[in-house]
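So this block is query.cif, mmCIF, C-alpha atoms:
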```cif
data_input
#
loop_
_atom_site.label_atom_id
_atom_site.label_comp_id
_atom_site.auth_asym_id
_atom_site.auth_seq_id
_atom_site.Cartn_x
_atom_site.Cartn_y
_atom_site.Cartn_z
CA MET A 1423 4.89 37.35 -8.16
CA ILE A 1424 5.40 34.19 -10.22
CA PRO A 1425 3.64 31.24 -8.55
CA ARG A 1426 5.17 27.79 -8.16
CA TYR A 1427 3.76 25.44 -10.76
CA SER A 1428 2.87 21.76 -10.52
CA ARG A 1429 2.40 19.23 -13.31
CA GLU A 1430 -1.28 20.08 -13.48
CA ASP A 1431 -0.42 23.75 -14.01
CA ILE A 1432 2.15 23.54 -16.80
CA SER A 1433 -0.27 25.03 -19.31
CA LYS A 1434 -0.80 28.02 -17.00
CA ILE A 1435 2.84 29.02 -17.45
CA TRP A 1436 1.93 30.01 -21.01
CA GLU A 1437 -1.32 31.84 -20.27
CA LEU A 1438 -1.47 35.60 -20.83
CA ASN A 1439 -1.72 36.50 -17.17
CA SER A 1440 1.32 34.38 -16.41
CA LYS A 1441 3.29 35.78 -19.35
CA PHE A 1442 2.75 39.34 -18.14
CA SER A 1443 3.69 38.24 -14.62
CA TYR A 1444 7.06 37.14 -16.01
CA TYR A 1445 7.36 40.45 -17.86
CA LEU A 1446 6.73 42.35 -14.64
CA LYS A 1447 9.25 40.22 -12.79
CA VAL A 1448 11.91 41.20 -15.34
CA GLU A 1449 10.97 44.89 -15.23
CA LEU A 1450 11.13 44.92 -11.42
CA ALA A 1451 14.49 43.14 -11.46
CA VAL A 1452 15.84 45.90 -13.72
CA VAL A 1453 14.46 48.53 -11.34
CA GLU A 1454 16.14 46.73 -8.45
CA ALA A 1455 19.42 46.63 -10.36
CA TYR A 1456 19.26 50.38 -10.94
CA TYR A 1457 18.44 50.90 -7.25
CA ARG A 1458 21.33 48.73 -6.04
CA LEU A 1459 23.69 50.74 -8.22
CA GLY A 1460 22.36 53.98 -6.73
CA GLN A 1461 20.62 55.14 -9.92
CA ILE A 1462 17.04 55.11 -8.57
CA PRO A 1463 15.95 56.87 -5.34
CA GLU A 1464 14.82 54.60 -2.52
CA THR A 1465 11.40 56.24 -2.40
CA ALA A 1466 10.86 55.54 -6.10
CA TYR A 1467 12.08 51.96 -5.73
CA ASN A 1468 9.79 51.23 -2.78
CA HIS A 1469 6.83 52.89 -4.49
CA ILE A 1470 7.30 50.85 -7.66
CA LEU A 1471 7.61 47.58 -5.74
CA LYS A 1472 4.43 48.39 -3.82
CA THR A 1473 2.26 49.57 -6.71
CA ALA A 1474 3.48 47.89 -9.91
CA ASP A 1475 0.75 45.64 -11.30
CA PHE A 1476 -1.25 44.98 -14.47
CA ASN A 1477 -4.65 43.87 -15.68
CA VAL A 1478 -4.94 41.62 -18.72
CA ASP A 1479 -8.24 43.09 -19.83
CA ARG A 1480 -6.79 46.61 -19.65
CA ILE A 1481 -3.70 45.50 -21.60
CA ASP A 1482 -6.00 44.09 -24.25
CA GLU A 1483 -7.85 47.41 -24.50
CA ILE A 1484 -4.62 49.35 -24.92
CA GLU A 1485 -3.18 46.88 -27.43
CA LYS A 1486 -6.18 47.36 -29.70
CA ILE A 1487 -5.05 50.97 -30.04
CA VAL A 1488 -1.23 50.72 -30.01
CA ASN A 1489 -0.97 47.32 -31.74
CA HIS A 1490 2.06 46.40 -29.58
CA ASP A 1491 1.74 44.01 -26.66
CA VAL A 1492 4.79 45.18 -24.68
CA ILE A 1493 3.84 48.86 -25.01
CA ALA A 1494 0.31 47.96 -23.93
CA PHE A 1495 1.72 46.09 -20.94
CA LEU A 1496 4.01 48.99 -19.96
CA THR A 1497 1.22 51.54 -20.34
CA CYS A 1498 -0.97 49.46 -18.04
CA VAL A 1499 1.80 49.04 -15.44
CA ASN A 1500 2.49 52.76 -15.49
CA GLU A 1501 -1.17 53.46 -14.80
CA TYR A 1502 -0.71 51.58 -11.54
CA VAL A 1503 2.66 53.16 -10.73
CA GLY A 1504 1.70 56.73 -11.63
CA LYS A 1505 3.34 59.38 -13.80
CA ASP A 1506 5.82 60.53 -11.15
CA PHE A 1507 7.58 57.15 -11.08
CA SER A 1508 6.84 55.59 -14.48
CA GLY A 1509 10.08 56.94 -15.95
CA TYR A 1510 12.07 54.46 -13.89
CA ILE A 1511 10.38 51.48 -15.54
CA HIS A 1512 11.79 50.05 -18.80
CA LYS A 1513 14.60 52.60 -18.60
CA GLY A 1514 17.03 52.02 -21.49
CA LEU A 1515 15.36 48.76 -22.47
CA THR A 1516 13.85 47.49 -25.68
CA SER A 1517 10.88 45.13 -25.85
CA SER A 1518 12.93 42.01 -26.54
CA ASP A 1519 14.99 42.60 -23.40
CA VAL A 1520 11.82 41.89 -21.46
CA ILE A 1521 10.39 39.25 -23.79
CA ASP A 1522 13.49 37.07 -24.16
CA THR A 1523 14.52 37.31 -20.52
CA ALA A 1524 10.98 36.46 -19.37
CA PHE A 1525 10.88 33.67 -21.97
CA ALA A 1526 13.90 32.04 -20.34
CA LEU A 1527 12.08 32.06 -17.00
CA GLN A 1528 8.97 30.52 -18.54
CA ILE A 1529 10.99 27.76 -20.18
CA LYS A 1530 12.82 27.06 -16.92
CA ASP A 1531 9.60 26.65 -14.93
CA ALA A 1532 8.07 24.41 -17.61
CA THR A 1533 11.25 22.33 -17.78
CA ASP A 1534 11.34 21.87 -14.02
CA ILE A 1535 8.00 20.07 -14.33
CA ILE A 1536 9.19 18.00 -17.30
CA LEU A 1537 12.33 16.92 -15.45
CA LYS A 1538 10.28 15.83 -12.44
CA ASP A 1539 8.11 13.81 -14.81
CA LEU A 1540 11.20 12.23 -16.30
CA ASP A 1541 12.52 11.25 -12.89
CA GLU A 1542 9.23 9.48 -12.15
CA VAL A 1543 9.37 7.57 -15.44
CA LEU A 1544 13.01 6.65 -14.91
CA ASN A 1545 12.24 5.32 -11.44
CA THR A 1546 9.26 3.30 -12.73
CA ILE A 1547 11.23 1.72 -15.57
CA LYS A 1548 14.31 1.01 -13.47
CA THR A 1549 12.24 -0.69 -10.77
CA LEU A 1550 10.48 -2.83 -13.38
CA ALA A 1551 13.74 -3.63 -15.17
CA PHE A 1552 15.33 -5.01 -12.01
CA LYS A 1553 12.15 -6.94 -11.18
CA TYR A 1554 12.28 -8.69 -14.55
CA LYS A 1555 16.06 -8.88 -14.80
CA ASP A 1556 16.03 -12.68 -15.15
CA THR A 1557 12.74 -13.09 -17.04
CA VAL A 1558 13.80 -14.60 -20.35
CA CYS A 1559 12.28 -13.57 -23.65
CA ILE A 1560 13.25 -13.39 -27.30
CA GLY A 1561 15.52 -10.67 -28.54
CA ARG A 1562 14.53 -9.77 -32.07
CA SER A 1563 16.37 -8.28 -35.03
CA HIS A 1564 14.51 -7.21 -38.17
CA GLY A 1565 11.36 -8.19 -36.25
CA ILE A 1566 12.49 -11.84 -36.33
CA GLY A 1567 13.47 -13.96 -33.33
CA ALA A 1568 17.22 -13.75 -32.73
CA GLU A 1569 18.50 -14.98 -29.34
CA VAL A 1570 17.50 -15.07 -25.69
CA ILE A 1571 17.52 -11.83 -23.68
CA THR A 1572 15.52 -10.85 -20.62
CA PHE A 1573 12.55 -8.54 -20.38
CA GLY A 1574 14.43 -6.52 -17.77
CA PHE A 1575 17.29 -6.07 -20.23
CA LYS A 1576 14.82 -4.68 -22.77
CA LEU A 1577 13.48 -2.21 -20.20
CA LEU A 1578 16.97 -1.20 -19.16
CA ASN A 1579 17.67 0.01 -22.69
CA TRP A 1580 14.59 2.25 -22.46
CA TYR A 1581 15.93 3.57 -19.17
CA ASP A 1582 19.32 4.33 -20.70
CA MET A 1583 17.77 6.23 -23.61
CA LEU A 1584 15.52 8.25 -21.30
CA GLU A 1585 18.45 9.09 -19.05
CA ARG A 1586 20.29 10.51 -22.04
CA ALA A 1587 17.14 12.39 -23.04
CA LYS A 1588 17.08 13.98 -19.60
CA ASN A 1589 20.75 14.95 -19.83
CA ARG A 1590 20.15 16.43 -23.27
CA ILE A 1591 17.26 18.56 -22.01
CA GLU A 1592 19.31 19.77 -19.03
CA TYR A 1593 22.21 20.64 -21.32
CA THR A 1594 20.08 22.65 -23.75
CA LEU A 1595 18.21 24.33 -20.87
CA ASN A 1596 21.53 25.56 -19.52
CA ASP A 1597 22.06 27.48 -22.76
CA ILE A 1598 18.58 28.97 -22.56
CA LEU A 1599 18.98 30.21 -18.98
CA ARG A 1600 20.39 33.54 -20.07
CA GLY A 1601 18.95 37.01 -20.06
CA GLN A 1602 19.58 40.14 -22.06
CA ILE A 1603 19.20 43.71 -20.90
CA SER A 1604 21.18 45.38 -23.67
CA GLY A 1605 18.84 47.83 -25.41
CA PRO A 1606 18.15 48.31 -29.12
CA VAL A 1607 20.29 46.01 -31.33
CA GLY A 1608 22.15 44.88 -28.22
CA THR A 1609 24.88 47.56 -27.98
CA TYR A 1610 24.01 48.93 -24.49
CA SER A 1611 23.53 52.35 -26.07
CA ASN A 1612 21.29 53.59 -23.26
CA ILE A 1613 21.98 51.07 -20.51
CA GLU A 1614 25.14 49.72 -18.94
CA PRO A 1615 26.22 46.05 -18.95
CA GLU A 1616 26.34 46.22 -15.14
CA ILE A 1617 22.55 46.57 -15.11
CA GLU A 1618 22.21 43.44 -17.25
CA LYS A 1619 24.61 41.49 -15.04
CA LEU A 1620 22.84 42.44 -11.84
CA THR A 1621 19.35 41.91 -13.32
CA CYS A 1622 20.27 38.40 -14.45
CA GLU A 1623 21.77 37.67 -11.04
CA ILE A 1624 18.49 38.70 -9.39
CA LEU A 1625 16.53 36.46 -11.78
CA GLY A 1626 18.87 33.48 -11.51
CA LEU A 1627 20.02 33.72 -15.12
CA LYS A 1628 23.33 34.23 -16.90
CA PRO A 1629 23.87 37.36 -18.99
CA ALA A 1630 24.06 36.59 -22.70
CA LYS A 1631 27.57 37.02 -24.06
CA ILE A 1632 26.03 38.95 -26.91
CA SER A 1633 22.49 39.74 -28.01
CA THR A 1634 21.41 41.56 -31.14
CA GLN A 1635 18.16 42.88 -29.66
CA ILE A 1636 17.19 39.23 -29.33
CA ILE A 1637 18.97 36.14 -28.06
CA ALA A 1638 20.01 34.00 -31.03
CA ARG A 1639 17.48 31.24 -31.67
CA ASP A 1640 19.91 28.37 -32.08
CA VAL A 1641 19.66 27.72 -28.33
CA HIS A 1642 15.88 27.58 -28.48
CA SER A 1643 16.05 25.27 -31.47
CA ALA A 1644 18.37 22.92 -29.58
CA TYR A 1645 15.95 22.84 -26.65
CA ILE A 1646 12.92 21.99 -28.81
CA SER A 1647 15.04 19.39 -30.58
CA ALA A 1648 15.87 17.84 -27.21
CA LEU A 1649 12.15 17.60 -26.44
CA SER A 1650 11.51 16.04 -29.84
CA ILE A 1651 14.19 13.43 -29.18
CA LEU A 1652 12.54 12.73 -25.83
CA GLY A 1653 9.29 12.17 -27.72
CA SER A 1654 11.02 9.79 -30.11
CA VAL A 1655 12.55 7.84 -27.23
CA ILE A 1656 9.09 7.46 -25.69
CA GLU A 1657 7.76 6.40 -29.08
CA ASN A 1658 10.49 3.80 -29.39
CA ALA A 1659 9.18 2.15 -26.23
CA ALA A 1660 5.55 2.68 -27.26
CA VAL A 1661 6.09 0.97 -30.62
CA GLU A 1662 7.76 -1.95 -28.82
CA ILE A 1663 4.72 -2.30 -26.56
CA ARG A 1664 2.46 -2.23 -29.61
CA HIS A 1665 4.46 -5.01 -31.26
CA LEU A 1666 4.59 -7.11 -28.11
CA GLN A 1667 0.83 -6.79 -27.65
CA ARG A 1668 0.06 -8.27 -31.06
CA TRP A 1669 -1.68 -11.64 -30.75
CA GLU A 1670 1.16 -13.32 -32.64
CA VAL A 1671 3.48 -12.24 -29.80
CA ALA A 1672 1.28 -11.53 -26.74
CA GLU A 1673 4.17 -10.94 -24.34
CA VAL A 1674 2.85 -7.72 -22.80
CA GLU A 1675 -0.45 -5.91 -22.78
CA GLU A 1676 -1.52 -2.42 -21.83
CA GLY A 1677 -3.66 -2.30 -18.72
CA PHE A 1678 -7.36 -2.78 -19.44
CA LYS A 1679 -9.57 -1.42 -16.67
CA LYS A 1680 -12.98 -2.66 -15.66
CA GLY A 1681 -15.67 -1.33 -17.97
CA GLN A 1682 -13.22 -0.37 -20.72
CA LYS A 1683 -14.21 -1.15 -24.31
CA GLY A 1684 -11.84 -1.81 -27.19
CA SER A 1685 -14.11 -1.65 -30.22
CA SER A 1686 -17.65 -0.55 -31.05
CA ALA A 1687 -18.02 -3.61 -33.29
CA MET A 1688 -15.77 -6.33 -31.81
CA PRO A 1689 -16.23 -6.97 -28.08
CA HIS A 1690 -13.09 -9.10 -27.86
CA LYS A 1691 -10.73 -6.21 -28.67
CA LYS A 1692 -8.09 -4.87 -26.27
CA ASN A 1693 -5.99 -2.33 -28.14
CA PRO A 1694 -2.69 -0.56 -27.25
CA ILE A 1695 -4.37 2.84 -27.41
CA ALA A 1696 -2.01 4.64 -25.03
CA SER A 1697 1.06 3.56 -26.97
CA GLU A 1698 -0.57 4.52 -30.26
CA ASN A 1699 -1.44 7.91 -28.78
CA LEU A 1700 2.19 8.40 -27.73
CA SER A 1701 3.41 7.47 -31.21
CA GLY A 1702 1.16 10.12 -32.74
CA LEU A 1703 2.16 12.86 -30.30
CA ALA A 1704 5.85 12.17 -30.92
CA ARG A 1705 5.24 13.22 -34.53
CA VAL A 1706 3.99 16.60 -33.35
CA LEU A 1707 7.09 17.15 -31.22
CA ARG A 1708 9.36 16.28 -34.13
CA ALA A 1709 7.45 18.62 -36.42
CA ASN A 1710 7.88 21.43 -33.90
CA SER A 1711 11.64 20.91 -33.96
CA VAL A 1712 11.63 21.72 -37.69
CA ALA A 1713 9.77 24.97 -36.99
CA ALA A 1714 12.30 25.80 -34.26
CA MET A 1715 15.17 25.31 -36.68
CA GLU A 1716 13.49 27.61 -39.18
CA ASN A 1717 13.50 30.28 -36.45
CA ILE A 1718 17.30 30.44 -36.38
CA THR A 1719 17.42 32.43 -39.62
CA LEU A 1720 16.29 36.02 -39.05
CA TRP A 1721 16.85 39.31 -40.87
CA HIS A 1722 19.89 41.28 -39.76
CA GLU A 1723 19.98 41.89 -36.00
CA ARG A 1724 16.34 41.09 -35.42
CA ASP A 1725 12.92 40.49 -36.87
CA ILE A 1726 9.84 38.95 -35.27
CA SER A 1727 9.14 36.06 -37.62
CA HIS A 1728 10.21 33.71 -34.82
CA SER A 1729 7.74 35.16 -32.32
CA SER A 1730 4.52 33.82 -33.82
CA VAL A 1731 6.09 30.38 -34.16
CA GLU A 1732 7.30 30.29 -30.57
CA ARG A 1733 3.90 31.28 -29.23
CA ILE A 1734 2.71 27.95 -30.62
CA ILE A 1735 5.60 25.51 -30.40
CA PHE A 1736 6.86 26.25 -26.88
CA PRO A 1737 3.53 25.90 -25.08
CA ASP A 1738 2.61 22.94 -27.28
CA SER A 1739 5.95 21.14 -26.94
CA THR A 1740 6.36 21.56 -23.20
CA ILE A 1741 2.72 20.66 -22.49
CA LEU A 1742 2.99 17.67 -24.83
CA ALA A 1743 6.22 16.47 -23.22
CA ASP A 1744 4.61 16.72 -19.79
CA TYR A 1745 1.50 14.85 -20.96
CA MET A 1746 3.47 12.16 -22.80
CA LEU A 1747 5.68 11.45 -19.81
CA SER A 1748 2.66 11.21 -17.51
CA ARG A 1749 0.80 8.87 -19.87
CA PHE A 1750 3.91 6.82 -20.56
CA ASN A 1751 4.55 6.39 -16.84
CA SER A 1752 0.97 5.23 -16.30
CA THR A 1753 1.26 2.81 -19.22
CA ILE A 1754 4.44 1.24 -17.84
CA GLU A 1755 3.03 1.01 -14.31
CA ASN A 1756 -0.04 -0.85 -15.60
CA LEU A 1757 1.59 -3.18 -18.12
CA ALA A 1758 0.38 -6.76 -18.00
CA ILE A 1759 3.60 -8.76 -18.45
CA LYS A 1760 3.29 -12.40 -19.52
CA PRO A 1761 6.44 -14.43 -18.78
CA GLN A 1762 4.87 -17.74 -19.84
CA ASN A 1763 4.11 -16.41 -23.30
CA MET A 1764 7.72 -15.25 -23.49
CA ILE A 1765 8.84 -18.80 -22.74
CA ASN A 1766 6.40 -20.17 -25.30
CA ASN A 1767 7.76 -17.85 -27.99
CA ILE A 1768 11.33 -18.88 -27.21
CA GLY A 1769 10.28 -22.49 -27.85
CA LYS A 1770 8.73 -21.87 -31.27
CA TYR A 1771 9.82 -24.29 -34.03
CA GLY A 1772 11.49 -26.44 -31.43
CA ASP A 1773 13.82 -23.82 -29.89
CA ILE A 1774 15.01 -22.60 -33.28
CA ILE A 1775 16.61 -19.50 -31.76
CA PHE A 1776 19.39 -21.66 -30.28
CA SER A 1777 20.93 -22.02 -33.72
CA GLN A 1778 24.16 -20.13 -32.97
CA SER A 1779 24.77 -22.23 -29.90
CA CYS A 1780 24.52 -25.33 -32.07
CA LEU A 1781 26.74 -23.76 -34.73
CA LEU A 1782 29.50 -23.07 -32.21
CA LYS A 1783 29.21 -26.55 -30.70
CA LEU A 1784 29.67 -28.20 -34.12
CA ILE A 1785 32.74 -26.03 -34.74
CA GLU A 1786 34.03 -27.07 -31.32
CA LYS A 1787 33.56 -30.69 -32.40
CA GLY A 1788 35.92 -30.12 -35.36
CA LEU A 1789 33.76 -28.98 -38.27
CA THR A 1790 34.65 -25.96 -40.34
CA ARG A 1791 32.44 -22.94 -39.82
CA GLU A 1792 31.05 -23.28 -43.35
CA ALA A 1793 30.15 -26.96 -42.85
CA ALA A 1794 28.64 -26.34 -39.43
CA TYR A 1795 26.61 -23.40 -40.72
CA GLU A 1796 25.24 -25.47 -43.58
CA ILE A 1797 24.07 -28.22 -41.22
CA VAL A 1798 22.45 -25.90 -38.70
CA GLN A 1799 20.76 -23.77 -41.35
CA LYS A 1800 19.37 -26.88 -43.08
CA GLU A 1801 17.90 -28.22 -39.83
CA ALA A 1802 16.56 -24.82 -38.78
CA LEU A 1803 14.85 -24.10 -42.09
CA ASP A 1804 13.37 -27.60 -42.13
CA ALA A 1805 11.82 -26.94 -38.72
CA PHE A 1806 10.58 -23.50 -39.80
CA ASN A 1807 9.17 -24.50 -43.15
CA ASN A 1808 7.49 -27.68 -41.91
CA ASN A 1809 6.42 -26.47 -38.46
CA GLY A 1810 8.82 -29.00 -37.03
CA SER A 1811 11.31 -29.05 -34.16
CA PHE A 1812 14.81 -27.73 -34.58
CA LYS A 1813 15.81 -29.34 -31.30
CA GLU A 1814 14.65 -32.75 -32.47
CA ASN A 1815 16.47 -32.28 -35.76
CA MET A 1816 19.72 -31.53 -33.94
CA HIS A 1817 19.53 -34.86 -32.12
CA HIS A 1818 20.99 -36.29 -35.32
CA HIS A 1819 24.20 -34.35 -34.63
CA PHE A 1820 24.54 -34.17 -30.83
CA THR A 1821 24.46 -36.38 -27.78
CA GLU A 1822 21.78 -35.75 -25.16
CA ASP A 1823 24.29 -33.92 -22.97
CA GLU A 1824 25.32 -31.74 -25.88
CA ILE A 1825 21.65 -30.98 -26.58
CA LYS A 1826 21.14 -29.88 -22.96
CA GLU A 1827 24.21 -27.67 -23.18
CA CYS A 1828 23.22 -26.04 -26.48
CA PHE A 1829 19.56 -25.45 -25.57
CA ASN A 1830 20.14 -23.86 -22.18
CA HIS A 1831 18.62 -20.42 -21.47
CA GLN A 1832 21.08 -19.61 -18.73
CA LYS A 1833 24.16 -19.56 -20.94
CA TYR A 1834 22.72 -16.48 -22.64
CA LEU A 1835 22.33 -14.68 -19.33
CA LYS A 1836 25.82 -15.13 -17.91
CA ASN A 1837 26.65 -11.41 -18.25
CA ILE A 1838 23.22 -9.91 -17.55
CA ASP A 1839 24.19 -9.13 -13.95
CA LYS A 1840 27.27 -7.26 -15.15
CA ILE A 1841 25.10 -5.07 -17.41
CA PHE A 1842 22.67 -4.32 -14.60
CA GLU A 1843 25.52 -3.40 -12.25
CA ARG A 1844 26.17 -0.37 -14.48
CA PHE A 1845 22.75 1.01 -13.50
CA LYS A 1846 22.80 0.51 -9.73
#
```
What does the file become when written as structure tokens?
Amino acid sequence: MIPRYSREDISKIWELNSKFSYYLKVELAVVEAYYRLGQIPETAYNHILKTADFNVDRIDEIEKIVNHDVIAFLTCVNEYVGKDFSGYIHKGLTSSDVIDTAFALQIKDATDIILKDLDEVLNTIKTLAFKYKDTVCIGRSHGIGAEVITFGFKLLNWYDMLERAKNRIEYTLNDILRGQISGPVGTYSNIEPEIEKLTCEILGLKPAKISTQIIARDVHSAYISALSILGSVIENAAVEIRHLQRWEVAEVEEGFKKGQKGSSAMPHKKNPIASENLSGLARVLRANSVAAMENITLWHERDISHSSVERIIFPDSTILADYMLSRFNSTIENLAIKPQNMINNIGKYGDIIFSQSCLLKLIEKGLTREAAYEIVQKEALDAFNNNGSFKENMHHHFTEDEIKECFNHQKYLKNIDKIFERFK
């Protein structure tokens, strides 16, 4: 029987012993379907359920002779079942009926773990976002300070992207959760569609509307693409952490545990190694999505050029997604967040990022937009180029009350609560 897998076991889903366990599960479901429809005697059905088994080493021995893994598997199973009942196993099937249907079950079990990981990350980020909902920091465009946002607002965008990533994975998984028991080239030449329908029902899958000896690989490509997008979403956050940890910014820092070292040469170093690791692994996931797309194009009704690719990219991609989510969650949980540095950065060049507020106030006082823009830009660039104070420069144009109104953090946050209400 297929065991229940935990996060620590995701790689085991793709091991040989596990793969053949899925194969056997499919074969036994077909036998049960035949039995339910009265096409296999009860004695044969009970005997097969009791005796059907396999041994990976024995399968390997047989495969060296027959050069076909499914035939080797079936030969081994039949050695356990015995000659009198072996004819009821794999009746009317072709190899891909077993492979593709079992593949769907493997992907489902791996995805269950990934989705649990995602829920943990979503909960971690959401909790942190609400905690820092009112912690002001600079919003940046083109890498340059723009206007005031909050750190919680920044985190909430990560949450939103990850939530969509989860929905995308669930959507593509739904297409994958289909089985085929349709025989050579998919025409049910030696098996009835009722067997397929009942087998899939037993396995918790949907019957494919059509299969041409294999299930078309566009659904598998979409799934791997969804994982690659998940990786890119994680990388988006990881790159942000890397930028924010730079000394010139210093608004967040990855956790640095006791005894940890950052450099063999420079003892002062604390590097964003987890985020850099996540950036690198996201590249692998994206590369795998290209290979998955190449698998869509096959010769006629079926070839096996996709098989060798999938034996690499599906274990790698699901294991990577699981690992990346776990490491990302740990990184977020252990972030050192520095609100005072965020305040300090807002105040650079004498609160230069309040330029639009000053622009609008001058327009309100009767200036044309062009004239107001020219004044504010002149004072801002003077502060920037001469390491001066924009706020002091604007005293030439505003009263003290107007200065307080223009250089007020809170006016930028008046709708933050409304944004957060969408995520409660």
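Near stretch 1793-1808 of chain A, within 10 Å and counting only C-alpha atoms, sit Lys1770, Tyr1771, Gly1772, Asp1773, Ile1774, Ile1775, Phe1776, Ser1777, Gln1778, Ser1779, Cys1780, Leu1781, Leu1782, Lys1783, Leu1784, Ile1785, Glu1786, Lys1787, Gly1788, Leu1789, Thr1790, Ser1811, Phe1812, Lys1813, Glu1814, Asn1815, Met1816, His1818 and His1819 of chain A; same-chain residues fewer than 3 positions away were not included.
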Would you put the residues from that selection into a file with C-alpha atoms, as a compact mmCIF listing (two decimals), in the coordinates of the input?
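selection20.txt was written with the following content:
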```txt
# COMPACT_ATOMS: atom_id res chain seq x y z
CA LYS A 1770 8.73 -21.87 -31.27
CA TYR A 1771 9.82 -24.29 -34.03
CA GLY A 1772 11.49 -26.44 -31.43
CA ASP A 1773 13.82 -23.82 -29.89
CA ILE A 1774 15.01 -22.60 -33.28
CA ILE A 1775 16.61 -19.50 -31.76
CA PHE A 1776 19.39 -21.66 -30.28
CA SER A 1777 20.93 -22.02 -33.72
CA GLN A 1778 24.16 -20.13 -32.97
CA SER A 1779 24.77 -22.23 -29.90
CA CYS A 1780 24.52 -25.33 -32.07
CA LEU A 1781 26.74 -23.76 -34.73
CA LEU A 1782 29.50 -23.07 -32.21
CA LYS A 1783 29.21 -26.55 -30.70
CA LEU A 1784 29.67 -28.20 -34.12
CA ILE A 1785 32.74 -26.03 -34.74
CA GLU A 1786 34.03 -27.07 -31.32
CA LYS A 1787 33.56 -30.69 -32.40
CA GLY A 1788 35.92 -30.12 -35.36
CA LEU A 1789 33.76 -28.98 -38.27
CA THR A 1790 34.65 -25.96 -40.34
CA SER A 1811 11.31 -29.05 -34.16
CA PHE A 1812 14.81 -27.73 -34.58
CA LYS A 1813 15.81 -29.34 -31.30
CA GLU A 1814 14.65 -32.75 -32.47
CA ASN A 1815 16.47 -32.28 -35.76
CA MET A 1816 19.72 -31.53 -33.94
CA HIS A 1818 20.99 -36.29 -35.32
CA HIS A 1819 24.20 -34.35 -34.63
```
- Task: Kindly give the distance, in Å, that separates atom CA of A:Lys1846 and atom CA of A:Tyr1834, rounded to a single decimal.
- Result: 21.3 Å
- Residue list as number ranges by chain for point (14.1, 45.3, -11.3), cut-off 12 Å, all atoms listed in the file: A: 1444-1459, 1461-1462, 1466-1468, 1470-1471, 1474, 1510-1513, 1515, 1520, 1603, 1617-1625
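Checking A:Lys1679, A:Gly1626, A:Val1674, A:Leu1742 one by one against A:Ala1532, counting all atoms listed in the file, you find the shortest gap at A:Leu1742.
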Please list as a PDB file with C-alpha atoms, keeping the file's coordinate frame every residue within 10 Å of A:Val1712, counting all atoms listed in the file and excluding residues in the same chain fewer than 3 positions away.
```
ATOM      1  CA  SER A1643      16.050  25.270 -31.470  1.00  0.00           C
ATOM      2  CA  ILE A1646      12.920  21.990 -28.810  1.00  0.00           C
ATOM      3  CA  SER A1647      15.040  19.390 -30.580  1.00  0.00           C
ATOM      4  CA  SER A1650      11.510  16.040 -29.840  1.00  0.00           C
ATOM      5  CA  LEU A1707       7.090  17.150 -31.220  1.00  0.00           C
ATOM      6  CA  ARG A1708       9.360  16.280 -34.130  1.00  0.00           C
ATOM      7  CA  ALA A1709       7.450  18.620 -36.420  1.00  0.00           C
ATOM      8  CA  MET A1715      15.170  25.310 -36.680  1.00  0.00           C
ATOM      9  CA  GLU A1716      13.490  27.610 -39.180  1.00  0.00           C
ATOM     10  CA  ASN A1717      13.500  30.280 -36.450  1.00  0.00           C
TER      11      ASN A1717
END
```
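Distances from A:Ala1587, A:Asn1767, A:Ile1566, A:Asn1830 to A:Trp1669 were compared using all atoms listed in the file, and the smallest one belongs to A:Asn1767.
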Return as AutoDock Vina command-line options the box centre and box size in Å, one decimal, for an axis-aligned box around all listed atoms of stretch 1435-1443 of chain A padded by 8 Å per side.
```
--center_x 1.0 --center_y 34.2 --center_z -17.8 --size_x 21.4 --size_y 26.3 --size_z 22.4
```
- Task: For atom CA of A:Asp1541 and atom CA of A:Glu1732, determine how far apart the two atoms are, in Å to one decimal place.
- Result: 26.5 Å
- Task: Expand the PyMOL selection byres ((chain A and resi 1696) around 9) into the individual residues it matches in the shown file, reporting them as a list of chain:residue names.
- Result: A:Ala1660, A:Glu1676, A:Asn1693, A:Pro1694, A:Ile1695, A:Ser1697, A:Glu1698, A:Asn1699, A:Leu1700, A:Ser1701, A:Arg1749, A:Phe1750, A:Thr1753
- Task: Using atom CA of A:Lys1691 and atom CA of A:Asn1658 as the two end points, give the distance in Å to one decimal.
- Result: 23.5 Å
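Residues within 10 Å of A:Ile1571, counting only C-alpha atoms and excluding same-chain residues fewer than 3 positions away, are Lys1555, Asp1556, Thr1557, Val1558, Cys1559, Ile1560, Gly1561, Arg1562, Ala1568, Gly1574, Phe1575, Lys1576, His1831, Gln1832, Tyr1834, Leu1835 and Ile1838 of chain A.
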- Item | Evaluate the PyMOL selection byres ((chain A and resi 1533) around 9) and report residues as a PyMOL selection string | chain A and resi 1528-1532+1534-1538+1591-1592+1595+1740+1744
- Apply the PyMOL selection byres ((chain A and resi 1726) around 12) to the file shown and report the selected residues as a VMD selection string. chain A and resid 1517 to 1518 1521 to 1522 1635 to 1637 1639 1717 to 1725 1727 to 1733
- Message: Using all atoms listed in the file and a cutoff of 12 Å, can you tell me which residues are near (10.2, 8.9, -12.7) in the file's coordinates, and write them out as a PyMOL selection string?
- Response: chain A and resi 1535-1550+1581+1584-1585+1588+1744+1747-1752+1754-1755
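Distances to A:Met1583 were evaluated for A:Ile1841, A:Cys1498, A:Ala1704, A:Ile1651 using all atoms listed in the file, and the minimum falls at A:Ile1651.
The neighbours of A:Ala1494 here are the residues that come within 9 Å of it, using all atoms listed in the file and leaving out any residue fewer than 3 positions away in the same chain; they are Arg1480, Ile1481, Asp1482, Glu1483, Ile1484, Glu1485, Lys1486, Ile1487, Val1488, Asn1489, His1490, Asp1491, Thr1497, Cys1498 and Val1499 of chain A.
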